[in-house]
>>> print(open('query-v3.pdb').read())   # PDB, C-alpha atoms
ATOM      1  CA  MET A 261     -16.398 -10.026 -16.707
ATOM      2  CA  THR A 262     -13.453 -10.795 -14.443
ATOM      3  CA  LYS A 263     -13.547 -12.590 -11.120
ATOM      4  CA  LEU A 264     -11.779  -9.682  -9.409
ATOM      5  CA  GLN A 265     -14.451  -7.084 -10.174
ATOM      6  CA  TYR A 266     -16.708  -8.755  -7.635
ATOM      7  CA  SER A 267     -13.959  -8.506  -4.998
ATOM      8  CA  LEU A 268     -13.305  -4.757  -5.064
ATOM      9  CA  VAL A 269     -14.056  -4.337  -1.350
ATOM     10  CA  ASN A 270     -11.787  -7.277  -0.520
ATOM     11  CA  LEU A 271      -9.096  -5.727  -2.687
ATOM     12  CA  LYS A 272      -9.452  -2.452  -0.766
ATOM     13  CA  TYR A 273      -9.029  -4.283   2.546
ATOM     14  CA  PHE A 274      -5.896  -5.994   1.209
ATOM     15  CA  PHE A 275      -4.543  -2.701  -0.157
ATOM     16  CA  ASP A 276      -4.978  -0.972   3.202
ATOM     17  CA  VAL A 277      -3.243  -3.825   5.042
ATOM     18  CA  VAL A 278      -0.150  -3.363   2.877
ATOM     19  CA  LYS A 279      -0.371   0.440   2.897
ATOM     20  CA  THR A 280      -0.651   0.690   6.682
ATOM     21  CA  GLY A 281       1.456  -2.385   7.453
ATOM     22  CA  SER A 282      -1.202  -3.799   9.759
ATOM     23  CA  PHE A 283      -4.383  -5.902   9.637
ATOM     24  CA  GLY A 284      -5.616  -3.956  12.662
ATOM     25  CA  GLU A 285      -5.076  -0.553  11.018
ATOM     26  CA  SER A 286      -6.869  -1.723   7.873
ATOM     27  CA  ALA A 287      -9.793  -2.863  10.005
ATOM     28  CA  LYS A 288      -9.875   0.468  11.843
ATOM     29  CA  HIS A 289      -9.662   2.452   8.586
ATOM     30  CA  ASN A 290     -12.521   0.483   7.000
ATOM     31  CA  HIS A 291     -14.660   0.291  10.166
ATOM     32  CA  VAL A 292     -14.781  -3.511  10.237
ATOM     33  CA  SER A 293     -13.351  -6.194  12.492
ATOM     34  CA  GLN A 294      -9.860  -7.603  12.051
ATOM     35  CA  SER A 295     -11.497 -10.980  11.450
ATOM     36  CA  ALA A 296     -13.406  -9.482   8.498
ATOM     37  CA  ILE A 297     -10.118  -8.282   7.006
ATOM     38  CA  SER A 298      -8.571 -11.750   7.343
ATOM     39  CA  GLN A 299     -11.614 -13.406   5.775
ATOM     40  CA  ALA A 300     -11.661 -10.922   2.900
ATOM     41  CA  ILE A 301      -7.994 -11.579   2.094
ATOM     42  CA  GLY A 302      -8.653 -15.320   2.252
ATOM     43  CA  LYS A 303     -11.451 -14.917  -0.313
ATOM     44  CA  LEU A 304      -9.164 -12.778  -2.459
ATOM     45  CA  GLU A 305      -6.464 -15.462  -2.405
ATOM     46  CA  GLU A 306      -9.107 -18.033  -3.343
ATOM     47  CA  THR A 307     -10.335 -15.881  -6.225
ATOM     48  CA  LEU A 308      -6.833 -15.272  -7.573
ATOM     49  CA  GLN A 309      -5.601 -18.763  -6.681
ATOM     50  CA  CYS A 310      -2.369 -17.485  -5.171
ATOM     51  CA  GLN A 311      -0.902 -16.693  -1.771
ATOM     52  CA  LEU A 312      -0.710 -12.973  -0.977
ATOM     53  CA  PHE A 313       0.947 -13.264   2.435
ATOM     54  CA  SER A 314       3.371 -15.782   3.886
ATOM     55  CA  HIS A 315       2.563 -16.379   7.526
ATOM     56  CA  GLN A 316       5.562 -16.694   9.846
ATOM     57  CA  PRO A 317       5.723 -16.881  13.652
ATOM     58  CA  GLY A 318       4.960 -13.430  15.032
ATOM     59  CA  ARG A 319       4.617 -11.691  11.672
ATOM     60  CA  CYS A 320       3.031 -11.736   8.248
ATOM     61  CA  LYS A 321       5.077 -10.987   5.113
ATOM     62  CA  ILE A 322       3.715 -10.022   1.718
ATOM     63  CA  THR A 323       4.631 -12.345  -1.149
ATOM     64  CA  GLU A 324       5.995 -11.295  -4.529
ATOM     65  CA  LYS A 325       2.571 -11.773  -6.143
ATOM     66  CA  GLY A 326       1.010  -9.895  -3.262
ATOM     67  CA  MET A 327       3.291  -6.929  -3.917
ATOM     68  CA  ARG A 328       2.444  -6.998  -7.622
ATOM     69  CA  LEU A 329      -1.242  -6.959  -6.728
ATOM     70  CA  PHE A 330      -0.672  -4.041  -4.345
ATOM     71  CA  GLU A 331       1.050  -1.961  -7.064
ATOM     72  CA  GLU A 332      -1.750  -2.643  -9.539
ATOM     73  CA  ALA A 333      -4.403  -1.957  -6.896
ATOM     74  CA  ARG A 334      -2.790   1.371  -6.086
ATOM     75  CA  GLU A 335      -3.108   2.449  -9.738
ATOM     76  CA  LEU A 336      -6.707   1.226  -9.788
ATOM     77  CA  PHE A 337      -7.753   3.147  -6.666
ATOM     78  CA  GLN A 338      -5.966   6.281  -7.855
ATOM     79  CA  GLN A 339      -7.898   6.037 -11.129
ATOM     80  CA  LEU A 340     -11.163   5.562  -9.240
ATOM     81  CA  GLN A 341     -10.334   8.642  -7.150
ATOM     82  CA  ARG A 342      -9.641  10.652 -10.310
ATOM     83  CA  ILE A 343     -12.984   9.530 -11.778
ATOM     84  CA  GLU A 344     -14.769  10.562  -8.587
ATOM     85  CA  ASN A 345     -12.950  13.913  -8.550
ATOM     86  CA  CYS A 346     -13.918  14.601 -12.161
ATOM     87  CA  ILE A 347     -17.587  13.772 -11.519
ATOM     88  CA  THR A 348     -17.764  15.764  -8.266
ATOM     89  CA  GLU A 349     -15.461  18.584  -9.385
ATOM     90  CA  GLN A 350     -18.273  21.143  -9.465
ATOM     91  CA  GLU A 351     -19.146  20.150  -5.906
ATOM     92  CA  GLY A 352     -15.551  20.595  -4.764
ATOM     93  CA  GLY A 353     -13.816  17.231  -4.583
ATOM     94  CA  SER A 354     -10.894  16.616  -2.243
ATOM     95  CA  ILE A 355      -7.092  16.560  -1.999
ATOM     96  CA  THR A 356      -4.621  15.011   0.407
ATOM     97  CA  PHE A 357      -1.054  16.283   0.637
ATOM     98  CA  ALA A 358       1.855  16.291   3.058
ATOM     99  CA  CYS A 359       4.412  18.887   4.105
ATOM    100  CA  THR A 360       6.957  19.547   6.815
ATOM    101  CA  HIS A 361       6.043  21.142  10.136
ATOM    102  CA  SER A 362       7.953  24.352   9.362
ATOM    103  CA  PHE A 363       6.111  24.805   6.042
ATOM    104  CA  ALA A 364       2.751  24.159   7.713
ATOM    105  CA  VAL A 365       3.469  26.828  10.331
ATOM    106  CA  GLY A 366       5.325  29.363   8.182
ATOM    107  CA  ILE A 367       3.592  29.389   4.796
ATOM    108  CA  LEU A 368       0.574  27.096   4.606
ATOM    109  CA  PRO A 369      -1.999  29.226   6.518
ATOM    110  CA  GLU A 370      -1.772  31.983   3.896
ATOM    111  CA  TYR A 371      -2.579  29.539   1.080
ATOM    112  CA  LEU A 372      -5.312  27.767   2.994
ATOM    113  CA  LYS A 373      -6.988  31.163   3.291
ATOM    114  CA  ARG A 374      -6.682  31.614  -0.470
ATOM    115  CA  ALA A 375      -8.110  28.133  -1.023
ATOM    116  CA  SER A 376     -11.103  28.851   1.226
ATOM    117  CA  LYS A 377     -11.927  31.843  -0.993
ATOM    118  CA  SER A 378     -11.040  30.429  -4.438
ATOM    119  CA  LEU A 379     -12.017  26.780  -3.849
ATOM    120  CA  PRO A 380     -14.613  26.976  -1.045
ATOM    121  CA  ALA A 381     -16.084  23.507  -1.658
ATOM    122  CA  LEU A 382     -12.729  21.734  -1.816
ATOM    123  CA  LYS A 383     -12.081  19.356   1.073
ATOM    124  CA  ILE A 384      -8.412  19.661   2.070
ATOM    125  CA  ASN A 385      -6.612  16.985   4.065
ATOM    126  CA  PHE A 386      -2.937  17.196   4.935
ATOM    127  CA  ARG A 387      -0.446  15.451   7.160
ATOM    128  CA  LEU A 388       2.941  16.443   8.548
ATOM    129  CA  GLY A 389       6.117  14.432   8.073
ATOM    130  CA  HIS A 390       9.828  14.384   7.387
ATOM    131  CA  TYR A 391      11.289  14.193   3.889
ATOM    132  CA  GLN A 392      11.445  10.404   3.694
ATOM    133  CA  ASP A 393       7.936  10.042   5.123
ATOM    134  CA  ILE A 394       6.488  12.361   2.496
ATOM    135  CA  LYS A 395       8.247  10.650  -0.401
ATOM    136  CA  GLU A 396       7.161   7.227   0.849
ATOM    137  CA  TRP A 397       3.517   8.343   1.254
ATOM    138  CA  LEU A 398       3.570   9.647  -2.303
ATOM    139  CA  LYS A 399       5.012   6.401  -3.681
ATOM    140  CA  LYS A 400       2.319   4.419  -1.864
ATOM    141  CA  GLY A 401      -0.479   6.661  -3.119
ATOM    142  CA  ILE A 402      -1.470   7.806   0.366
ATOM    143  CA  ILE A 403      -1.203  11.477  -0.703
ATOM    144  CA  ASP A 404      -1.826  13.310  -3.991
ATOM    145  CA  PHE A 405       1.338  15.378  -3.654
ATOM    146  CA  GLY A 406       4.011  16.457  -1.209
ATOM    147  CA  ILE A 407       5.619  19.822  -0.500
ATOM    148  CA  LEU A 408       9.390  19.805   0.033
ATOM    149  CA  ILE A 409      12.361  22.148  -0.045
ATOM    150  CA  ASP A 410      14.995  21.283  -2.663
ATOM    151  CA  ASN A 411      17.721  20.061  -0.331
ATOM    152  CA  ASP A 412      16.905  16.457  -1.223
ATOM    153  CA  ASP A 413      17.019  14.401  -4.434
ATOM    154  CA  LEU A 414      13.648  14.908  -6.112
ATOM    155  CA  SER A 415      14.585  13.448  -9.510
ATOM    156  CA  LEU A 416      12.137  10.542  -9.129
ATOM    157  CA  PHE A 417       9.167  12.939  -8.999
ATOM    158  CA  ASP A 418       7.445  15.515 -11.188
ATOM    159  CA  CYS A 419       8.162  18.857  -9.513
ATOM    160  CA  GLN A 420       6.361  22.209  -9.606
ATOM    161  CA  LYS A 421       8.073  25.183  -7.967
ATOM    162  CA  ILE A 422       5.741  27.012  -5.582
ATOM    163  CA  ASP A 423       8.052  29.253  -3.535
ATOM    164  CA  GLN A 424      11.666  30.307  -3.130
ATOM    165  CA  GLY A 425      13.945  32.305  -0.863
ATOM    166  CA  HIS A 426      17.236  32.170   1.057
ATOM    167  CA  PHE A 427      18.699  30.621   4.153
ATOM    168  CA  ARG A 428      19.866  33.468   6.381
ATOM    169  CA  LEU A 429      21.386  34.028   9.788
ATOM    170  CA  TYR A 430      19.083  35.629  12.348
ATOM    171  CA  ALA A 431      19.422  37.034  15.859
ATOM    172  CA  ALA A 432      16.903  38.495  18.291
ATOM    173  CA  LYS A 433      16.385  42.234  17.745
ATOM    174  CA  GLN A 434      17.064  42.936  21.405
ATOM    175  CA  CYS A 435      20.577  41.427  21.121
ATOM    176  CA  LYS A 436      22.942  44.400  20.734
ATOM    177  CA  ASP A 437      26.133  42.337  20.627
ATOM    178  CA  ILE A 438      26.000  38.917  18.945
ATOM    179  CA  SER A 439      29.733  38.227  19.154
ATOM    180  CA  SER A 440      29.319  36.114  22.295
ATOM    181  CA  LEU A 441      26.433  34.064  20.923
ATOM    182  CA  GLY A 442      26.919  30.571  19.567
ATOM    183  CA  PHE A 443      25.230  29.305  16.409
ATOM    184  CA  LEU A 444      22.055  27.221  16.208
ATOM    185  CA  LEU A 445      22.042  24.806  13.268
ATOM    186  CA  ASP A 446      19.935  21.989  11.891
ATOM    187  CA  SER A 447      21.127  18.637  13.216
ATOM    188  CA  ASP A 448      20.979  17.063   9.738
ATOM    189  CA  GLU A 449      23.925  17.249   7.350
ATOM    190  CA  ARG A 450      22.914  20.131   5.077
ATOM    191  CA  LYS A 451      24.628  22.102   2.329
ATOM    192  CA  GLU A 452      23.731  25.512   3.786
ATOM    193  CA  SER A 453      25.208  24.543   7.186
ATOM    194  CA  ASN A 454      28.394  23.301   5.527
ATOM    195  CA  PHE A 455      28.595  26.486   3.455
ATOM    196  CA  LEU A 456      28.264  28.602   6.603
ATOM    197  CA  LYS A 457      31.019  26.632   8.356
ATOM    198  CA  HIS A 458      33.277  27.036   5.337
ATOM    199  CA  CYS A 459      32.692  30.807   5.090
ATOM    200  CA  TYR A 460      33.211  31.300   8.839
ATOM    201  CA  GLN A 461      36.464  29.317   8.784
ATOM    202  CA  LYS A 462      37.685  31.302   5.787
ATOM    203  CA  LYS A 463      36.875  34.698   7.335
ATOM    204  CA  TYR A 464      37.803  34.161  10.997
ATOM    205  CA  LYS A 465      40.439  31.378  10.653
ATOM    206  CA  LYS A 466      38.671  29.200  13.207
ATOM    207  CA  GLU A 467      35.806  26.750  13.429
ATOM    208  CA  LEU A 468      32.204  27.935  13.670
ATOM    209  CA  PRO A 469      31.143  27.962  17.353
ATOM    210  CA  VAL A 470      28.054  25.750  17.183
ATOM    211  CA  LYS A 471      26.035  25.989  20.389
ATOM    212  CA  MET A 472      23.210  23.589  19.505
ATOM    213  CA  GLU A 473      22.105  21.323  16.668
ATOM    214  CA  ILE A 474      18.336  20.884  16.490
ATOM    215  CA  SER A 475      16.157  18.945  14.045
ATOM    216  CA  SER A 476      13.524  21.678  13.697
ATOM    217  CA  TRP A 477      13.741  25.092  12.046
ATOM    218  CA  GLU A 478      10.755  26.268  14.067
ATOM    219  CA  VAL A 479      12.530  25.408  17.323
ATOM    220  CA  ILE A 480      15.737  27.045  16.098
ATOM    221  CA  ALA A 481      13.736  30.204  15.289
ATOM    222  CA  ASN A 482      12.081  30.175  18.711
ATOM    223  CA  LEU A 483      15.429  29.832  20.490
ATOM    224  CA  THR A 484      16.903  32.562  18.304
ATOM    225  CA  GLU A 485      13.991  34.845  19.152
ATOM    226  CA  ALA A 486      14.667  34.141  22.835
ATOM    227  CA  GLY A 487      18.248  35.402  22.420
ATOM    228  CA  LEU A 488      19.903  32.012  22.894
ATOM    229  CA  GLY A 489      21.987  32.098  19.728
ATOM    230  CA  VAL A 490      22.360  33.025  16.073
ATOM    231  CA  GLY A 491      20.047  30.787  14.050
ATOM    232  CA  LEU A 492      20.361  29.560  10.485
ATOM    233  CA  PHE A 493      17.030  28.795   8.800
ATOM    234  CA  PRO A 494      15.039  29.633   5.641
ATOM    235  CA  ASP A 495      13.552  33.109   5.479
ATOM    236  CA  TYR A 496       9.981  31.819   5.250
ATOM    237  CA  VAL A 497      10.332  30.634   8.860
ATOM    238  CA  ALA A 498      11.158  34.222   9.848
ATOM    239  CA  ARG A 499       8.181  35.827   8.051
ATOM    240  CA  LYS A 500       5.876  35.788  11.058
ATOM    241  CA  ARG A 501       8.706  36.936  13.343
ATOM    242  CA  LYS A 502       9.774  40.068  11.443
ATOM    243  CA  SER A 503       9.236  42.305  14.454
ATOM    244  CA  LYS A 504      11.414  40.154  16.714
ATOM    245  CA  LEU A 505      14.281  38.968  14.486
ATOM    246  CA  LYS A 506      16.980  40.694  12.471
ATOM    247  CA  ILE A 507      19.261  39.409   9.723
ATOM    248  CA  VAL A 508      22.902  39.285  10.808
ATOM    249  CA  LEU A 509      26.223  38.437   9.148
ATOM    250  CA  PRO A 510      24.762  38.420   5.591
ATOM    251  CA  GLU A 511      28.262  37.895   4.157
ATOM    252  CA  LEU A 512      28.396  34.445   5.761
ATOM    253  CA  SER A 513      25.113  32.946   4.597
ATOM    254  CA  SER A 514      22.609  33.648   1.861
ATOM    255  CA  THR A 515      22.064  30.217   0.347
ATOM    256  CA  PRO A 516      19.085  30.116  -2.055
ATOM    257  CA  TYR A 517      16.376  27.471  -1.851
ATOM    258  CA  ALA A 518      13.238  26.513  -3.754
ATOM    259  CA  ILE A 519      10.102  24.774  -2.492
ATOM    260  CA  TYR A 520       8.390  22.265  -4.761
ATOM    261  CA  ALA A 521       5.100  20.454  -4.934
ATOM    262  CA  ILE A 522       6.130  16.926  -5.904
ATOM    263  CA  PHE A 523       3.939  14.407  -7.732
ATOM    264  CA  LYS A 524       4.363  10.792  -8.693
ATOM    265  CA  LYS A 525       5.925  10.593 -12.169
ATOM    266  CA  ASN A 526       4.012   9.446 -15.244
ATOM    267  CA  THR A 527       0.681   9.532 -13.422
ATOM    268  CA  LEU A 528      -2.470  11.535 -14.144
ATOM    269  CA  GLN A 529      -2.794  14.049 -11.342
ATOM    270  CA  ASN A 530      -5.785  14.906  -9.213
ATOM    271  CA  PRO A 531      -7.109  18.060 -10.979
ATOM    272  CA  ASN A 532      -8.010  19.583  -7.630
ATOM    273  CA  ALA A 533      -4.396  19.166  -6.469
ATOM    274  CA  LEU A 534      -3.209  21.093  -9.522
ATOM    275  CA  LYS A 535      -5.769  23.830  -8.851
ATOM    276  CA  PHE A 536      -4.607  24.105  -5.261
ATOM    277  CA  CYS A 537      -0.948  24.399  -6.317
ATOM    278  CA  GLU A 538      -1.867  27.198  -8.738
ATOM    279  CA  LEU A 539      -2.802  29.310  -5.699
ATOM    280  CA  PHE A 540       0.890  29.553  -4.782
ATOM    281  CA  HIS A 541       1.526  31.542  -7.968
ATOM    282  CA  LYS A 542      -1.184  34.167  -7.403
TER     283      LYS A 542
END
>>> encode(input="query-v3.pdb", output="structure tokens")
Amino acid sequence: MTKLQYSLVNLKYFFDVVKTGSFGESAKHNHVSQSAISQAIGKLEETLQCQLFSHQPGRCKITEKGMRLFEEARELFQQLQRIENCITEQEGGSITFACTHSFAVGILPEYLKRASKSLPALKINFRLGHYQDIKEWLKKGIIDFGILIDNDDLSLFDCQKIDQGHFRLYAAKQCKDISSLGFLLDSDERKESNFLKHCYQKKYKKELPVKMEISSWEVIANLTEAGLGVGLFPDYVARKRKSKLKIVLPELSSTPYAIYAIFKKNTLQNPNALKFCELFHK
């Protein structure tokens, strides 16, 4: 018997402090007082005979041993979750994943409908975030998997392709003449935007007239639909707008993309997460 096995609740409090970055958030998450969190971590330090946090004026910083404990605790709680999922699998179990806003609006509803039919007892939790948020949540064990388009480096993760398509240029169907419209692009530096600029420069011998740069494909699509410009975004964003948008200037942009479910490498996966991802291939 180890000393730590009697401190599993204290370990969970500590883990949540590091995961959320706050004693207060850990207290809120575990439905206890902030004082209870502090006392639990004190008992944990006493049990392990080491300092987990260094207290400095105005802030609290995790120590090297504290970080090692956090990494080991993350593996432990993931294993406990897998055990629980295996035992309760017939009753449904649960998954937690993250995706971008555009994926949640453009594609996710269709697969949630499939899940409600194929996996009716499965409890599904998901959160929205940007690329770096999703990768960080996965590293910290906050989510079982993330869903991302392949414009970023995903080499640190196990990847499973779940969808694919092309970036295309769109205009509102009511726009008869698009020659006077400027272009609506993502505000991030992206390969499909650079490719479009290159092709436009090569064909027309002048720079692409960019009207707006916006950090949301959904907003770009909405503005395009309103006739405010020619928008560049992935075709899955246009699926629900087929009656209001048309593809234009196909010779300038048809950059392929793939969407992946990403998992932490070298880790046993939540079987329910794998079942959910299989729905994308049906």
>>> residues_around(input="query-v3.pdb", residues="Glu538 in chain A", least_positions_apart="2", cutoff="12 Å", atoms="only C-alpha atoms", output="MDAnalysis selection string")
chainID A and resid 371 374:375 378:379 420:423 521 531:536 540:542
>>> residues_around(input="query-v3.pdb", residues="Ile438 in chain A", least_positions_apart="6", cutoff="12 Å", atoms="only C-alpha atoms", output="PyMOL selection string")
chain A and resi 429-432+484+487-491+506-509
>>> atom_distance(input="query-v3.pdb", atom1="CA of Gln294 in chain A", atom2="CA of Leu271 in chain A")
14.9 Å
>>> residues_around(input="query-v3.pdb", residues="range 276-288 of chain A", least_positions_apart="6", cutoff="9 Å", atoms="only C-alpha atoms", output="PyMOL selection string")
chain A and resi 294-298+322+327+330+397+400-402
>>> resolve_selection(input="query-v3.pdb", expression="the PyMOL selection byres ((chain A and resi 471) around 8)", output="list in words")
Gly442, Phe443, Leu444, Pro469, Val470, Met472, Glu473 and Gly489 of chain A
>>> residues_around(input="query-v3.pdb", residues="Arg450 in chain A", least_positions_apart="5", cutoff="12 Å", atoms="all atoms listed in the file", output="CSV table (one decimal) with C-alpha atoms, in the coordinates of the input")
chain,number,residue,atom,x,y,z
A,409,ILE,CA,12.4,22.1,0.0
A,410,ASP,CA,15.0,21.3,-2.7
A,411,ASN,CA,17.7,20.1,-0.3
A,412,ASP,CA,16.9,16.5,-1.2
A,427,PHE,CA,18.7,30.6,4.2
A,445,LEU,CA,22.0,24.8,13.3
A,455,PHE,CA,28.6,26.5,3.5
A,456,LEU,CA,28.3,28.6,6.6
A,457,LYS,CA,31.0,26.6,8.4
A,473,GLU,CA,22.1,21.3,16.7
A,475,SER,CA,16.2,18.9,14.0
A,492,LEU,CA,20.4,29.6,10.5
A,493,PHE,CA,17.0,28.8,8.8
A,515,THR,CA,22.1,30.2,0.3
>>> closest_residue(input="query-v3.pdb", among="A:Ala333, A:Gln309, A:Ala481, A:Lys525", to="Leu268 in chain A", atoms="only C-alpha atoms")
A:Ala333
>>> atom_distance(input="query-v3.pdb", atom1="CA of Leu382 in chain A", atom2="CA of Ile355 in chain A")
7.7 Å
>>> closest_residue(input="query-v3.pdb", among="A:Lys451, A:Lys433, A:Lys321, A:Lys272", to="Leu505 in chain A", atoms="only C-alpha atoms")
A:Lys433
>>> closest_residue(input="query-v3.pdb", among="A:Pro516, A:Gly406, A:Gly326, A:Gly425", to="Glu305 in chain A", atoms="all atoms listed in the file")
A:Gly326
>>> resolve_selection(input="query-v3.pdb", expression="the PyMOL selection byres ((chain A and resi 404) around 6)", output="VMD selection string")
chain A and resid 356 to 357 403 405
>>> atom_distance(input="query-v3.pdb", atom1="CA of Glu396 in chain A", atom2="CA of Asp418 in chain A")
14.6 Å
>>> axis_aligned_box(input="query-v3.pdb", around="range 414-430 of chain A", padding_each_side="6 Å", output="lines of an AutoDock Vina configuration file")
center_x = 13.6
center_y = 23.1
center_z = 0.6
size_x = 27.6
size_y = 37.1
size_z = 35.5
>>> closest_residue(input="query-v3.pdb", among="A:Glu467, A:Thr527, A:Ile522, A:Gln299", to="Asp413 in chain A", atoms="only C-alpha atoms")
A:Ile522
>>> resolve_selection(input="query-v3.pdb", expression="the PyMOL selection byres ((chain A and resi 495) around 8)", output="count of residues only")
10
